[in-house]
file input17.txt (compact mmCIF, C-alpha atoms)
# COMPACT_ATOMS: atom_id res chain seq x y z
CA MET A 1 44.08 -208.02 82.56
CA PRO A 2 41.62 -205.27 83.29
CA ARG A 3 38.97 -207.87 84.05
CA ARG A 4 41.17 -209.60 86.61
CA TYR A 5 42.04 -206.24 88.20
CA ASN A 6 38.32 -205.47 88.59
CA GLN A 7 37.65 -208.88 90.11
CA ASP A 8 40.49 -208.48 92.64
CA ARG A 9 39.29 -205.02 93.54
CA SER A 10 35.75 -206.30 93.96
CA ARG A 11 36.91 -209.15 96.22
CA ARG A 12 38.93 -206.74 98.39
CA ARG A 13 35.93 -204.44 98.71
CA ASN A 14 33.71 -207.38 99.71
CA ARG A 15 36.23 -208.50 102.34
CA GLU A 16 36.45 -204.97 103.79
CA THR A 17 32.66 -204.68 103.88
CA SER A 18 32.42 -208.09 105.50
CA ARG A 19 34.96 -207.05 108.18
CA ARG A 20 33.01 -203.86 108.89
CA ARG A 21 29.78 -205.82 109.23
CA THR A 22 31.49 -208.25 111.59
CA VAL A 23 32.65 -205.43 113.87
CA PHE A 24 29.16 -203.87 114.02
CA MET A 25 27.50 -207.23 114.57
CA ARG A 26 29.39 -207.81 117.82
CA PRO A 27 26.98 -207.43 120.78
CA GLY A 28 29.36 -205.24 122.78
CA VAL A 29 29.66 -202.77 119.91
CA GLN A 30 25.88 -202.68 119.39
CA ILE A 31 25.28 -202.02 123.09
CA SER A 32 27.91 -199.27 123.06
CA ILE A 33 26.28 -197.60 120.08
CA VAL A 34 22.85 -197.72 121.74
CA LEU A 35 24.24 -196.33 125.00
CA VAL A 36 26.05 -193.48 123.26
CA ALA A 37 22.90 -192.62 121.29
CA ALA A 38 20.79 -192.70 124.48
CA LEU A 39 23.30 -190.46 126.25
CA ILE A 40 23.25 -187.95 123.41
CA ILE A 41 19.44 -187.88 123.43
CA PHE A 42 19.39 -187.47 127.22
CA ILE A 43 21.82 -184.54 127.06
CA ILE A 44 19.82 -182.84 124.31
CA LEU A 45 16.58 -183.23 126.27
CA GLN A 46 18.17 -181.87 129.46
CA MET A 47 19.54 -178.85 127.64
CA SER A 48 16.19 -178.14 126.01
CA GLY A 49 14.24 -178.30 129.26
CA GLY A 50 12.99 -181.88 129.06
CA GLY A 51 11.83 -181.94 125.47
CA GLY A 52 8.38 -180.54 126.16
CA GLY A 53 9.35 -176.90 126.32
CA THR A 54 8.94 -176.66 130.08
CA ALA A 55 10.27 -178.98 132.69
CA ALA A 56 7.75 -180.09 135.26
CA LEU A 57 8.88 -179.95 138.87
CA ALA A 58 8.66 -182.80 141.35
CA PRO A 59 5.23 -182.84 143.05
CA ALA A 60 6.83 -182.20 146.45
CA ILE A 61 10.25 -181.06 147.58
CA SER A 62 12.10 -180.87 150.88
CA VAL A 63 12.62 -177.68 152.84
CA ASP A 64 16.29 -177.66 151.78
CA GLU A 65 15.31 -177.94 148.11
CA ALA A 66 12.74 -175.17 148.60
CA TRP A 67 15.43 -172.98 150.19
CA SER A 68 17.64 -173.52 147.13
CA MET A 69 14.79 -172.62 144.76
CA TYR A 70 13.96 -169.58 146.94
CA GLN A 71 17.56 -168.39 146.64
CA ASN A 72 17.41 -168.88 142.87
CA GLY A 73 14.36 -166.66 142.46
CA ALA A 74 11.42 -169.05 142.62
CA TYR A 75 8.07 -167.51 143.46
CA VAL A 76 7.11 -168.71 146.95
CA LEU A 77 3.37 -168.79 147.57
CA ASP A 78 2.18 -169.07 151.18
CA VAL A 79 -1.36 -170.51 151.42
CA ARG A 80 -1.81 -170.20 155.19
CA THR A 81 -4.31 -167.89 156.88
CA VAL A 82 -3.67 -164.20 157.47
CA GLU A 83 -3.31 -164.91 161.21
CA GLU A 84 -0.61 -167.53 160.58
CA TRP A 85 1.15 -165.17 158.16
CA ASN A 86 1.17 -162.38 160.75
CA GLU A 87 2.75 -164.73 163.28
CA PHE A 88 5.72 -165.40 160.96
CA HIS A 89 6.50 -165.93 157.27
CA ALA A 90 9.46 -166.26 154.93
CA PRO A 91 10.68 -162.90 153.59
CA ASN A 92 9.76 -161.87 150.03
CA THR A 93 6.96 -164.42 149.72
CA THR A 94 3.32 -163.91 148.76
CA LEU A 95 0.27 -164.74 150.84
CA ILE A 96 -2.86 -166.01 149.13
CA PRO A 97 -4.88 -168.07 151.62
CA LEU A 98 -5.85 -171.49 150.31
CA ASP A 99 -9.58 -170.74 150.41
CA GLU A 100 -9.00 -167.73 148.10
CA LEU A 101 -6.44 -169.27 145.74
CA ALA A 102 -8.80 -170.66 143.08
CA SER A 103 -10.33 -167.22 142.53
CA ARG A 104 -6.95 -165.44 142.62
CA VAL A 105 -4.78 -167.63 140.37
CA ASP A 106 -4.31 -164.70 137.98
CA GLU A 107 -2.15 -163.03 140.65
CA VAL A 108 0.40 -165.85 140.42
CA PRO A 109 3.09 -165.52 137.72
CA ARG A 110 3.10 -168.21 135.05
CA ASP A 111 6.69 -167.57 133.94
CA ARG A 112 8.44 -168.59 137.16
CA GLU A 113 8.91 -171.74 139.19
CA ILE A 114 6.44 -171.76 142.08
CA VAL A 115 6.94 -173.29 145.51
CA VAL A 116 3.71 -173.54 147.50
CA VAL A 117 4.18 -173.49 151.29
CA CYS A 118 1.97 -173.73 154.37
CA ARG A 119 2.41 -174.49 158.06
CA SER A 120 3.17 -178.22 157.92
CA GLY A 121 2.95 -179.29 154.27
CA ASN A 122 -0.69 -180.41 153.89
CA ARG A 123 -2.40 -177.32 152.52
CA SER A 124 0.51 -176.61 150.21
CA GLN A 125 -0.28 -179.84 148.33
CA GLN A 126 -3.85 -178.64 147.83
CA GLY A 127 -2.55 -175.25 146.66
CA ARG A 128 -0.16 -176.93 144.23
CA ASP A 129 -3.04 -178.97 142.82
CA ILE A 130 -5.21 -175.87 142.38
CA LEU A 131 -2.43 -174.23 140.36
CA LEU A 132 -1.76 -177.36 138.30
CA ASN A 133 -5.47 -177.63 137.50
CA ALA A 134 -5.40 -173.97 136.44
CA GLY A 135 -2.72 -174.78 133.85
CA PHE A 136 0.45 -173.90 135.75
CA GLU A 137 3.28 -176.29 134.90
CA LYS A 138 6.23 -175.42 137.13
CA VAL A 139 4.65 -175.85 140.56
CA THR A 140 5.77 -177.85 143.57
CA SER A 141 4.81 -178.21 147.22
CA MET A 142 7.23 -177.92 150.15
CA THR A 143 7.01 -180.82 152.61
CA GLY A 144 7.43 -180.03 156.28
CA GLY A 145 6.04 -176.54 155.87
CA LEU A 146 7.19 -173.29 157.40
CA ASN A 147 7.44 -174.95 160.80
CA GLU A 148 10.35 -177.02 159.49
CA TRP A 149 11.67 -174.02 157.52
CA ARG A 150 11.94 -172.04 160.77
CA ALA A 151 13.37 -175.03 162.70
CA ARG A 152 16.19 -175.34 160.14
CA GLY A 153 17.11 -171.70 160.67
CA TYR A 154 16.02 -170.33 157.32
CA PRO A 155 14.97 -166.67 157.43
CA ILE A 156 11.57 -165.62 158.71
CA GLU A 157 9.87 -162.33 159.44
CA PRO A 158 7.32 -161.57 162.15
call {"tool": "encode", "arguments": {"input": "input17.txt", "output": "structure tokens"}}
result
Amino acid sequence: MPRRYNQDRSRRRNRETSRRRTVFMRPGVQISIVLVAALIIFIILQMSGGGGGTAALAPAISVDEAWSMYQNGAYVLDVRTVEEWNEFHAPNTTLIPLDELASRVDEVPRDREIVVVCRSGNRSQQGRDILLNAGFEKVTSMTGGLNEWRARGYPIEP
């Protein structure tokens, strides 16, 4: 009797294991498991800042995106000339003309997101690249420049 009981128990266990394998072998279940795992990994990476410790910014952003970053405390670096700055500039921003930036990178904070701006968006790309080459990671360039910033009604100072 005990032998038969063990055999029946073993058969039941094999059938249950076989059923479990069958469920996990279905393509829909496998895809669901992969998608759930990918979603969990994505969420973890987003919460940890992209997995690399610091999240890189897009190479260029719109004026509206720059305005949002400005409101959230990003460091805004104006790389225009002193004459252009004196004509108008965004409040609470810093002027370091593009031709001086490489020698003055130590004046730019490394612990904040940086938005580089200029008149129309060309020099700001060069400024962004100077900072990236100097080891800054959270740097972006504003397309459209301060001309578009002013046209959209964002604050400026004379």
call {"tool": "residues_near_point", "arguments": {"input": "input17.txt", "point": "(7.4, -171.2, 153.9)", "cutoff": "7 Å", "atoms": "only C-alpha atoms", "output": "list of chain:residue names"}}
result
A:Asp78, A:His89, A:Ala90, A:Val117, A:Cys118, A:Gly145, A:Leu146, A:Trp149
call {"tool": "write_last_selection", "arguments": {"input": "input17.txt", "atoms": "C-alpha atoms", "output": "PDB file, in the coordinates of the input"}}
result
ATOM      1  CA  ASP A  78       2.180-169.070 151.180  1.00  0.00           C
ATOM      2  CA  HIS A  89       6.500-165.930 157.270  1.00  0.00           C
ATOM      3  CA  ALA A  90       9.460-166.260 154.930  1.00  0.00           C
ATOM      4  CA  VAL A 117       4.180-173.490 151.290  1.00  0.00           C
ATOM      5  CA  CYS A 118       1.970-173.730 154.370  1.00  0.00           C
ATOM      6  CA  GLY A 145       6.040-176.540 155.870  1.00  0.00           C
ATOM      7  CA  LEU A 146       7.190-173.290 157.400  1.00  0.00           C
ATOM      8  CA  TRP A 149      11.670-174.020 157.520  1.00  0.00           C
TER       9      TRP A 149
END
call {"tool": "atom_distance", "arguments": {"input": "input17.txt", "atom1": "CA of Leu95 (chain A)", "atom2": "CA of Phe136 (chain A)"}}
result
17.7 Å
call {"tool": "closest_atom_pairs", "arguments": {"input": "input17.txt", "of": "region 48-110 of chain A", "to": "region 153-156 of chain A", "cutoff": "12 Å", "atoms": "all atoms listed in the file", "output": "Markdown table"}}
result
| residue | atom | partner | partner_atom | distance |
| --- | --- | --- | --- | --- |
| A:Val63 | CA | A:Tyr154 | CA | 9.3 |
| A:Asp64 | CA | A:Tyr154 | CA | 9.2 |
| A:Glu65 | CA | A:Tyr154 | CA | 12.0 |
| A:Ala66 | CA | A:Tyr154 | CA | 10.5 |
| A:Trp67 | CA | A:Tyr154 | CA | 7.6 |
| A:Ser68 | CA | A:Tyr154 | CA | 10.8 |
| A:Tyr70 | CA | A:Tyr154 | CA | 10.6 |
| A:Gln71 | CA | A:Tyr154 | CA | 11.0 |
| A:Trp85 | CA | A:Ile156 | CA | 10.4 |
| A:Asn86 | CA | A:Ile156 | CA | 11.1 |
| A:Glu87 | CA | A:Ile156 | CA | 10.0 |
| A:Phe88 | CA | A:Ile156 | CA | 6.3 |
| A:His89 | CA | A:Ile156 | CA | 5.3 |
| A:Ala90 | CA | A:Ile156 | CA | 4.4 |
| A:Pro91 | CA | A:Ile156 | CA | 5.9 |
| A:Asn92 | CA | A:Ile156 | CA | 9.6 |
| A:Thr93 | CA | A:Ile156 | CA | 10.2 |
call {"tool": "atom_distance", "arguments": {"input": "input17.txt", "atom1": "CA of Ala60 (chain A)", "atom2": "CA of Leu98 (chain A)"}}
result
17.0 Å
call {"tool": "residues_around", "arguments": {"input": "input17.txt", "residues": "Pro59 (chain A)", "least_positions_apart": "3", "cutoff": "9 Å", "atoms": "all atoms listed in the file", "output": "PDB file with C-alpha atoms, in the coordinates of the input"}}
result
ATOM      1  CA  ALA A  56       7.750-180.090 135.260  1.00  0.00           C
ATOM      2  CA  GLN A 125      -0.280-179.840 148.330  1.00  0.00           C
ATOM      3  CA  ARG A 128      -0.160-176.930 144.230  1.00  0.00           C
ATOM      4  CA  VAL A 139       4.650-175.850 140.560  1.00  0.00           C
ATOM      5  CA  THR A 140       5.770-177.850 143.570  1.00  0.00           C
ATOM      6  CA  SER A 141       4.810-178.210 147.220  1.00  0.00           C
ATOM      7  CA  MET A 142       7.230-177.920 150.150  1.00  0.00           C
TER       8      MET A 142
END
call {"tool": "atom_distance", "arguments": {"input": "input17.txt", "atom1": "CA of Arg110 (chain A)", "atom2": "CA of Pro158 (chain A)"}}
result
28.2 Å
